[in-house]
Amino acid sequence: QVQLVESGGGLVQPEGSLKLSCAASRSIFSFNYMGWYRQVPGKQRELVTRITSGGSTNYVDSVKGRFTISRDSAKNTVYLQMNSLKPEDTAVYYCYAQRYPYEYWGQGTQVTVSS
């Protein structure tokens, strides 16, 4: 059973930064891709960014230039560096991994951007 454990969420002021971590229970290269989704109450879960096993990345337009996904294979960990945070970035952030045809989700970590 694959486990994804997120950490690093919290309360931050607008224009601040946070770094989320997602530790996987197996090699991150065993997944077709890993990524981060976010969800606010009453809305669908939204893909924020993902990275393929080959290292290709993509981002939703609203976070381009502010968020960066990265990984550390030695630690089986994927990161989400979030800079210039805005109140509209407030959400529960979920780590996601796919190893076709299976999908795996972390438990979620709350990010709140507020003054």
# chains A, B, ... in the order shown; residues from 1 in each chain; ligands from 1
call {"tool": "residues_around", "arguments": {"residues": "Val111 in chain A", "least_positions_apart": "5", "cutoff": "10 Å", "atoms": "only C-alpha atoms", "output": "list of chain:residue names"}}
result
A:Gly8, A:Gly9, A:Gly10, A:Leu11, A:Val12, A:Leu18, A:Leu20, A:Arg38, A:Leu85, A:Pro87, A:Asp89, A:Thr90, A:Ala91, A:Val92, A:Tyr93
call {"tool": "select_by_dssp", "arguments": {"residues": "chain A", "states": "strand (DSSP E or B)", "output": "count of residues only"}}
result
61
call {"tool": "residues_around", "arguments": {"residues": "Ser17 in chain A", "least_positions_apart": "5", "cutoff": "7 Å", "atoms": "only C-alpha atoms", "output": "PyMOL selection string"}}
result
chain A and resi 82-85
call {"tool": "write_last_selection", "arguments": {"atoms": "C-alpha atoms", "output": "short mmCIF file (atom, residue, chain, number, x, y, z; two decimals), in the first residue's frame"}}
result
data_model
loop_
_atom_site.label_atom_id
_atom_site.label_comp_id
_atom_site.auth_asym_id
_atom_site.auth_seq_id
_atom_site.Cartn_x
_atom_site.Cartn_y
_atom_site.Cartn_z
CA MET A 82 4.86 28.63 -2.77
CA ASN A 83 5.94 32.27 -2.96
CA SER A 84 4.00 35.53 -3.16
CA LEU A 85 1.01 33.82 -1.64
#
call {"tool": "closest_residue", "arguments": {"among": "A:Gly108, A:Tyr37, A:Tyr79, A:Gln44", "to": "Val60 in chain A", "atoms": "only C-alpha atoms"}}
result
A:Tyr37
call {"tool": "residues_around", "arguments": {"residues": "Asp72 in chain A", "least_positions_apart": "6", "cutoff": "12 Å", "atoms": "only C-alpha atoms", "output": "VMD selection string"}}
result
chain A and resid 21 to 24 27 to 29 55 78 to 80
call {"tool": "closest_residue", "arguments": {"among": "A:Val5, A:Val63, A:Val48, A:Met34", "to": "Gln107 in chain A", "atoms": "only C-alpha atoms"}}
result
A:Val5
call {"tool": "closest_residue", "arguments": {"among": "A:Gly35, A:Gly65, A:Pro101, A:Gly106", "to": "Ile51 in chain A", "atoms": "only C-alpha atoms"}}
result
A:Gly35
call {"tool": "closest_residue", "arguments": {"among": "A:Trp36, A:Leu47, A:Ser30, A:Pro41", "to": "Trp105 in chain A", "atoms": "only C-alpha atoms"}}
result
A:Trp36
call {"tool": "closest_residue", "arguments": {"among": "A:Tyr96, A:Arg45, A:Ser56, A:Glu15", "to": "Thr77 in chain A", "atoms": "only C-alpha atoms"}}
result
A:Tyr96
call {"tool": "select_by_dssp", "arguments": {"residues": "chain A", "states": "helix (DSSP H, G or I)", "output": "ChimeraX atom specification"}}
result
/A:28-30,61-63,73-75,87-89
call {"tool": "atom_distance", "arguments": {"atom1": "CA of Leu4 in chain A", "atom2": "CA of Gln98 in chain A"}}
result
11.4 Å
call {"tool": "decode", "arguments": {"residues": "range 36-57 of chain A", "atoms": "N, CA, C and O atoms", "output": "short mmCIF file (atom, residue, chain, number, x, y, z; two decimals), in the first residue's frame"}}
result
data_model
loop_
_atom_site.label_atom_id
_atom_site.label_comp_id
_atom_site.auth_asym_id
_atom_site.auth_seq_id
_atom_site.Cartn_x
_atom_site.Cartn_y
_atom_site.Cartn_z
N TRP A 36 0.36 18.19 -7.06
CA TRP A 36 -0.37 18.82 -5.96
C TRP A 36 -1.71 19.33 -6.48
O TRP A 36 -1.77 20.00 -7.53
N TYR A 37 -2.75 19.01 -5.76
CA TYR A 37 -4.08 19.54 -6.00
C TYR A 37 -4.46 20.40 -4.80
O TYR A 37 -3.86 20.30 -3.74
N ARG A 38 -5.46 21.22 -4.99
CA ARG A 38 -6.00 21.98 -3.86
C ARG A 38 -7.52 22.05 -3.98
O ARG A 38 -8.09 21.95 -5.07
N GLN A 39 -8.15 22.25 -2.84
CA GLN A 39 -9.61 22.28 -2.81
C GLN A 39 -10.07 23.25 -1.73
O GLN A 39 -9.56 23.25 -0.62
N VAL A 40 -11.07 24.05 -2.12
CA VAL A 40 -11.75 24.91 -1.16
C VAL A 40 -13.17 24.40 -1.01
O VAL A 40 -13.71 23.77 -1.93
N PRO A 41 -13.80 24.66 0.12
CA PRO A 41 -15.15 24.14 0.33
C PRO A 41 -16.11 24.60 -0.77
O PRO A 41 -16.10 25.76 -1.17
N GLY A 42 -16.89 23.66 -1.27
CA GLY A 42 -17.89 23.98 -2.28
C GLY A 42 -17.37 24.01 -3.69
O GLY A 42 -18.14 24.26 -4.63
N LYS A 43 -16.08 23.75 -3.87
CA LYS A 43 -15.49 23.76 -5.21
C LYS A 43 -14.82 22.43 -5.50
O LYS A 43 -14.46 21.67 -4.60
N GLN A 44 -14.63 22.16 -6.80
CA GLN A 44 -13.94 20.95 -7.20
C GLN A 44 -12.45 21.04 -6.88
O GLN A 44 -11.88 22.14 -6.86
N ARG A 45 -11.88 19.88 -6.68
CA ARG A 45 -10.45 19.82 -6.48
C ARG A 45 -9.75 20.27 -7.77
O ARG A 45 -10.12 19.85 -8.86
N GLU A 46 -8.72 21.09 -7.61
CA GLU A 46 -8.04 21.70 -8.75
C GLU A 46 -6.59 21.24 -8.81
O GLU A 46 -5.88 21.28 -7.79
N LEU A 47 -6.15 20.84 -10.02
CA LEU A 47 -4.74 20.52 -10.19
C LEU A 47 -3.92 21.80 -10.17
O LEU A 47 -4.16 22.70 -10.96
N VAL A 48 -2.95 21.86 -9.28
CA VAL A 48 -2.08 23.03 -9.17
C VAL A 48 -0.83 22.84 -10.02
O VAL A 48 -0.46 23.71 -10.82
N THR A 49 -0.18 21.70 -9.87
CA THR A 49 1.04 21.43 -10.59
C THR A 49 1.33 19.94 -10.54
O THR A 49 0.85 19.24 -9.65
N ARG A 50 2.11 19.46 -11.52
CA ARG A 50 2.53 18.09 -11.49
C ARG A 50 3.89 17.95 -12.15
O ARG A 50 4.29 18.80 -12.96
N ILE A 51 4.56 16.86 -11.82
CA ILE A 51 5.86 16.57 -12.39
C ILE A 51 5.85 15.10 -12.83
O ILE A 51 5.39 14.21 -12.10
N THR A 52 6.30 14.86 -14.06
CA THR A 52 6.34 13.49 -14.56
C THR A 52 7.60 12.78 -14.08
O THR A 52 8.53 13.41 -13.57
N SER A 53 7.63 11.48 -14.29
CA SER A 53 8.82 10.73 -13.90
C SER A 53 10.05 11.22 -14.65
O SER A 53 11.17 11.13 -14.14
N GLY A 54 9.82 11.76 -15.84
CA GLY A 54 10.93 12.29 -16.62
C GLY A 54 11.34 13.70 -16.25
O GLY A 54 12.34 14.21 -16.76
N GLY A 55 10.58 14.33 -15.36
CA GLY A 55 10.94 15.66 -14.88
C GLY A 55 10.20 16.81 -15.52
O GLY A 55 10.42 17.97 -15.16
N SER A 56 9.29 16.53 -16.44
CA SER A 56 8.49 17.60 -17.04
C SER A 56 7.48 18.12 -16.02
O SER A 56 6.92 17.34 -15.25
N THR A 57 7.26 19.43 -16.07
CA THR A 57 6.35 20.03 -15.11
C THR A 57 5.30 20.87 -15.83
O THR A 57 5.52 21.35 -16.94
#
